[in-house]
Every structure is written in structure tokens, then in C-alpha cells.
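Colleague: The following block contains the structure, expressed as C-alpha cells.
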Amino acid sequence: MTRIRSRWKFLPLLLALPSACFAWLCRDVPCFGGIHDDGVYFVCARALASGLGYRIASLPGAPFQTKYPPLFPLLLSLAWKLNPHYPDNLSWALALNWLAAPAVLWLTWILYRDMGLAPRRAWIPLAALALSPAFLLLASSLLSEMVFTALLLATLLLLDRATTPARAAAAGAMGALVCLTRSAGLPLLVAAAVMLWPRGGLRRAFWFAAAMLPAAAGWEIWVRLHRAPGSDPFLLYYTDYLAYRAANVDLHSLPVFVWRNAEEMLGSFGAYLLPAISGSLGLRIAAQVVAVAGIHGVVRLARARAEGPARAYALFAALQAATLLFWHYPSNERLLFPLAPLFLAGLLAEGEALAAMLAKGWRTGDAGQRAAAAVLGAAALGLLGTGIALQATTNAYVIPRTLAACRRTRSNDERAFQWIASQVPAGDAVLCYHDPTLYLWSGRQSMRLTLPPKPYYFEDRQALLAMAPQVPDYARAHGFAYVYWFPFDGPASSEGGLQADLAALIRSNPALERVYSGPGAAVFRLR
């Protein structure tokens, strides 16, 4: 056993090399600001580093940040301390975030061991995680999922070792860091209670909660004391998760949200084997079948391992997935990434169960069962081969093309932002979808006109197009003097040319005067 362990112990570090190479190639963070959350994180990090406080300095009035907990922006603030010049400091911020990637792989490796997976089996889901497009992209971005996942796994492992109140308190302290990274860490309280209490751990459960709850409570108190007043849905998008959801989801629309979220969640879980590089219905169905198999495998693992972290992780995953079902945004691979190590282990368990069943059917000697086993086995191998081919295609071709498109968009943005910095008066604010990057480049405060989620869920194209004529009135009412727009401005740019149609409506609006035109971008002044 010692020889086997020594042979495998450096595997997580070796599997971190592809993400390190990828991060080096992306050290300019070409897609920075495209998802928006990363831009807001970095703006808040700058405010922290400069002594302004935990504020969204890019917004008019610089309101306090009450949506995202502060730990990840605090980490990124180190990049501003190391180099206060944007965008040169993006590479420092990327390096800080990437450090969580090998930690995730190392902790996942330990987690698999504690779940009873031998190294000869555990390397399969670990390699699938390390080479997945989601892992490579998150390791080369300024999004919080990688850090959150590392802290989550560390908490689960400490929970498994919480044999004394002191160790339980240490696990709770780590859980506090999870909650201060993302609000999605709160279900850890329930998972910890379920894991510790049945083993005579009431006292240990108390100490875990006592160490974790002050951080969660402290953040909630901060939010209540500093939340920006008013009910403007566009400002709520920046400052209040729950209020923004309440403004966009009602009881009538909730079933549609849940149904679409469930469909997206299954497809996104399945994308860890079968990346959705096309809109093929067959590929989407196959990904959902893979997701169901992986989820069943997670249940199998949780039932088989009464001891160890599998049950606590499975319970946390169930609670987080239930929350995402009722959320106002679809669950993509990014949002599901903290659950990916467990899902891939479940997929392995289900694959092994299927292989055992097929082997048993083949050994019976019955021609019909042998034929069925051969067909199912061929289908399973075909699915696996397709998944490997799609993963390789995504990493080798799809992602590089996406990065090239991001660099083109960024170049267009930078030219426009430089014009804004030199031509727009310092006190004038600009309405812009990529508001954090505009602020970081030009110093002009900005805010986006967020496309609401309900028309997306109901596929109501006309409701989205109806927002374009309202842009001048909205800009005037919120004190914006300029509007920055470009054809791919928004999250639904690939859906039937929606963004191109929105841009055409903006260009033809008589209340807006075009004062700058550049490649794929335009700046308008309110008349």
C-alpha cells in the first residue's frame, strides 16, 4: 500500500499543470468583465485596497457592496497592492486565483480517498475534473468558484476529522471562510449537523456552528446596515440577491423557472462529460442522461459510506441544487462547479455498477442477455469516447476561438474607453453593460441596463426588444449623460440576433446623438 501511495501522491500536482499552462496563456485575462461578476469583484477589490471601504465604486454614488461577501474581493485586493495599475495587475489577480486550482485537485484527491476510492479508480474522476473546460476556464478567470470550492472541500475534510470539539470548531472556522466567499456556503450548517449529530456529536455540532455562525451573521448584519435604499430593479441587481429575485419571479412564473432550471442543471452536469459545443438535441439529451446517471451514482456513494465525507457532501449538493432550481438564473457549469468533484465520483460509481451488470449478463451464457450486454456496453463506450473527443475539441479549438473573440471585443472596448476618458467630462456617468471595465479604464462611473430574466425564461423576444426605446428615459432618470452600446451587448447575443436588433433600435433613437463610432462599438450622448 505504501508503494502504491508513493506512486500516486504527486498526481494532483501533475494534473494542475494543464491549468497552469492555460492560465499562463491567459495571463492578460482576455474575457475579463464579460461575465460581469469578475469585473465587480475587481472594482470592489480596488476600493478595499485604496481605503474607500467595501463599495462598488464603479456605480454612481459608490454604494456599499451588499451582494457578494468580502473574502474573494479581499484576496484580489492584494493584486492592487502589488501593482496599482490596471490592466497590468490582472495577471497578479489571476495568479492569486489560480493558486486555488491545485488546492482543489489536492483536496479532491484526499476526499476521494476518504470516500473509499482506491488510487487506481480515483485518478479517473480527478483527471476528468482537471481537464474539464470548466476547470481550465475558472482557473484562468477572476471568478470566485475555484476559491470557494477549495474552502468547501477543506471544510468537508475537517468535518470528517472533527473527533473533538476543538477540531469541530476548526472545521467551523473554515466553514466561516466558505460563507464569506459565497453565500451559497450556508447549507454547510445543515450538512455538518447531519454528519456530526448521529455519531454522538451534539457537542461537536454546537462548536462547529459556534465557529461558523458569527461570520454568516456578521455578513447579514453588514448587509442590513449598508444596503442601498430604494426598489430600482437595476440597482437591486448589484446589491440584493433576494430582492432582485422577488422583483423578477412570482408564483405564476415560478414553475417555468423551476422547469427551465432543472433542464439546464441536468445539461450542465452532463456537460462535464459531454460539453455542449452545439445545439444538437441528441447531444443535449445524452448530457441529461449522463447527469441522471451521475446523480444516481452520488446517491449510491452516500448510501454505501455511512462514515466519511460522502454523505455530508451529498447533502450539501442536494441543498445547493434545490436552491438553484428556484433561482432566477440558469445553472451552468460555473455555478455547479463546487459540486463537480462529487458528481464525477458518482459518475464513476455508476459506470462501475453498469460494467458489473453487463459482465454478469455476459457470463450467463444466454444469447439474449449477451446481446443486450454487448449493445449496452457498446453504447456506453461510444458515449465515453464521444465525451473524450468533445472535451478535447472544446479545449483545443472552441476555447481558443472564444478567447480570440474576447480579445477582439476587449480591443474594441479599450479604444472606446480611451475616447470616453479623454472626451467625456469627469463628472458625467455612462450607461454601459460592461460598466466595471469602463470604470477601471476611464474612471467614469457607470451602470448596466440589465436584461431581466423573465423574458429569457419565457422566450419573450418582444419584451426584451421593448427595452430599447426606454434607454434614453432610463439614462436621464438615473443621471447618465452618455450611453455606450455595442452589437453584442448582453447575455443573449447568440439568440436570433437579439443584440443586433437591440443595437439597431438604439442607433435609430432620435433622443440619442452618436458622438463616437468604432469597430463594434458606439457612444451616444443624450440630446
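Note on naming: chains are A, B, ... as they come in the C-alpha cells, residues start from 1 per chain, ligands start from 1 in the order shown.
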Do a neighbour search on region 299-308 of chain A at 9 Å with only C-alpha atoms, toss out local chain neighbours closer than 6 positions, and write the hits as a PDB file with C-alpha atoms, in the first residue's frame.

Modeller:
ATOM      1  CA  LEU A 111     -11.688  13.434  -0.445  1.00  0.00           C
ATOM      2  CA  ASP A 114     -11.782   9.232   2.386  1.00  0.00           C
ATOM      3  CA  MET A 115     -14.792   8.194   0.280  1.00  0.00           C
ATOM      4  CA  GLY A 116     -13.177   4.794  -0.240  1.00  0.00           C
ATOM      5  CA  LEU A 157     -12.439  17.055   5.177  1.00  0.00           C
ATOM      6  CA  LEU A 159     -15.615  17.816   9.395  1.00  0.00           C
ATOM      7  CA  ASP A 160     -14.722  14.184   8.733  1.00  0.00           C
ATOM      8  CA  ARG A 161     -11.857  14.546  11.213  1.00  0.00           C
ATOM      9  CA  MET A 195     -22.778  14.462   9.786  1.00  0.00           C
ATOM     10  CA  ALA A 314     -24.130  14.798  -0.972  1.00  0.00           C
ATOM     11  CA  LEU A 315     -26.442  16.631   1.421  1.00  0.00           C
ATOM     12  CA  ALA A 345     -17.117  10.422  -8.416  1.00  0.00           C
ATOM     13  CA  GLY A 346     -20.796   9.466  -8.680  1.00  0.00           C
ATOM     14  CA  ALA A 349     -19.542   4.692  -9.334  1.00  0.00           C
ATOM     15  CA  GLU A 350     -22.465   4.410 -11.735  1.00  0.00           C
TER      16      GLU A 350
END

Colleague: Can you list, as number ranges by chain, every residue of region 337-511 of chain A that DSSP puts in helix (DSSP H, G or I)?

Modeller: A: 337-363, 367-423, 435-442, 453-457, 461-465, 468-477, 498-507

Colleague: Quick one, how far is CA of Lys67 (chain A) from CA of Tyr86 (chain A)?

Modeller: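 So the two atoms, CA of Lys67 (chain A) and CA of Tyr86 (chain A), lie 23.9 Å apart.
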
Colleague: Using only C-alpha atoms, which of the listed residues (A:Pro87, A:Pro510, A:Tyr272, A:Arg334) sits closest to Leu347 (chain A)?

Modeller: A:Tyr272

Colleague: Just the number, please: distance in Å from CA of Val223 (chain A) to CA of Thr149 (chain A), one decimal.

Modeller: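 Computed distance, CA of Val223 (chain A) to CA of Thr149 (chain A), equals 23.5 Å.
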
Colleague: List the neighbours of Pro133 (chain A) out to 7 Å using only C-alpha atoms; skip same-chain residues closer than 3 positions along the sequence, and give me the result as JSON, numbers by chain.

Modeller: {"A": [136, 137, 394, 395]}

Colleague: What would the file look like if the residues just selected were written as a tab-separated table (two decimals), in the first residue's frame with C-alpha atoms?

Modeller:
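Listing of out_0.tsv after writing:
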chain	number	residue	atom	x	y	z
A	136	LEU	CA	-9.48	25.38	-17.10
A	137	LEU	CA	-11.65	28.45	-17.59
A	394	THR	CA	-13.52	22.12	-26.71
A	395	ASN	CA	-10.11	22.61	-25.11

Colleague: For the atom pair CA of Leu180 (chain A) and CA of Ile56 (chain A), what is the interatomic distance in Å to one decimal place?

Modeller: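 Separation between CA of Leu180 (chain A) and CA of Ile56 (chain A): 17.2 Å.
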
Colleague: Taking 4 positions as the minimum chain separation for residues in the same chain, which residues sit within 12 Å of Pro472 (chain A) when counting only C-alpha atoms? Answer as a tab-separated table (two decimals) with N, CA and C atoms, in the first residue's frame.

Modeller:
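Generated output (result.tsv):
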chain	number	residue	atom	x	y	z
A	430	VAL	N	-21.83	57.11	-17.46
A	430	VAL	CA	-22.09	56.46	-18.76
A	430	VAL	C	-22.87	55.19	-18.52
A	431	LEU	N	-23.99	55.03	-19.22
A	431	LEU	CA	-24.75	53.79	-19.18
A	431	LEU	C	-24.05	52.77	-20.06
A	449	LEU	N	-27.83	48.45	-17.99
A	449	LEU	CA	-29.27	48.26	-18.09
A	449	LEU	C	-29.48	46.75	-18.21
A	467	MET	N	-37.30	47.09	-24.42
A	467	MET	CA	-36.46	47.86	-23.51
A	467	MET	C	-35.66	48.93	-24.24
A	468	ALA	N	-35.38	48.72	-25.52
A	468	ALA	CA	-34.51	49.65	-26.24
A	468	ALA	C	-35.06	51.08	-26.28
A	476	ARG	N	-31.71	59.20	-18.48
A	476	ARG	CA	-31.99	60.55	-17.98
A	476	ARG	C	-32.43	60.51	-16.53
A	477	ALA	N	-33.30	59.54	-16.19
A	477	ALA	CA	-33.83	59.44	-14.83
A	477	ALA	C	-32.75	59.08	-13.82
A	478	HIS	N	-31.69	58.38	-14.26
A	478	HIS	CA	-30.63	57.94	-13.35
A	478	HIS	C	-29.38	58.80	-13.46
A	479	GLY	N	-29.48	59.91	-14.18
A	479	GLY	CA	-28.37	60.86	-14.21
A	479	GLY	C	-27.25	60.51	-15.16
A	480	PHE	N	-27.51	59.66	-16.17
A	480	PHE	CA	-26.48	59.32	-17.14
A	480	PHE	C	-26.51	60.32	-18.29
A	481	ALA	N	-25.36	60.79	-18.69
A	481	ALA	CA	-25.27	61.73	-19.80
A	481	ALA	C	-24.93	61.04	-21.12
A	482	TYR	N	-24.35	59.83	-21.03
A	482	TYR	CA	-23.90	59.11	-22.22
A	482	TYR	C	-24.34	57.65	-22.14
A	483	VAL	N	-24.41	57.03	-23.32
A	483	VAL	CA	-24.75	55.60	-23.43
A	483	VAL	C	-23.69	54.95	-24.30
A	484	TYR	N	-23.09	53.88	-23.79
A	484	TYR	CA	-22.13	53.09	-24.58
A	484	TYR	C	-22.82	51.79	-24.97
A	505	LEU	N	-32.05	49.41	-32.77
A	505	LEU	CA	-33.05	50.28	-32.16
A	505	LEU	C	-32.39	51.44	-31.41
A	506	ILE	N	-31.27	51.17	-30.77
A	506	ILE	CA	-30.54	52.23	-30.07
A	506	ILE	C	-30.01	53.26	-31.07
A	507	ARG	N	-29.41	52.78	-32.14
A	507	ARG	CA	-28.82	53.69	-33.13
A	507	ARG	C	-29.86	54.61	-33.76
A	508	SER	N	-31.09	54.10	-33.92
A	508	SER	CA	-32.12	54.88	-34.61
A	508	SER	C	-32.95	55.74	-33.67
A	509	ASN	N	-32.63	55.74	-32.37
A	509	ASN	CA	-33.42	56.51	-31.41
A	509	ASN	C	-33.08	58.00	-31.54
A	510	PRO	N	-34.08	58.86	-31.82
A	510	PRO	CA	-33.77	60.29	-32.01
A	510	PRO	C	-33.32	61.00	-30.74
A	511	ALA	N	-33.54	60.40	-29.57
A	511	ALA	CA	-33.12	61.03	-28.32
A	511	ALA	C	-31.65	60.83	-28.04
A	512	LEU	N	-30.96	60.06	-28.90
A	512	LEU	CA	-29.55	59.77	-28.70
A	512	LEU	C	-28.74	60.28	-29.88
A	513	GLU	N	-27.67	61.00	-29.60
A	513	GLU	CA	-26.77	61.52	-30.62
A	513	GLU	C	-25.45	60.75	-30.57
A	524	PHE	N	-23.15	57.28	-27.37
A	524	PHE	CA	-24.22	58.23	-27.66
A	524	PHE	C	-24.33	59.23	-26.51
A	525	ARG	N	-24.70	60.46	-26.87
A	525	ARG	CA	-24.97	61.48	-25.87
A	525	ARG	C	-26.46	61.78	-25.89
A	526	LEU	N	-27.03	61.92	-24.69
A	526	LEU	CA	-28.44	62.26	-24.63
A	526	LEU	C	-28.68	63.66	-25.18
A	527	ARG	N	-29.66	63.78	-26.03
A	527	ARG	CA	-29.98	65.10	-26.60
A	527	ARG	C	-30.71	65.94	-25.55
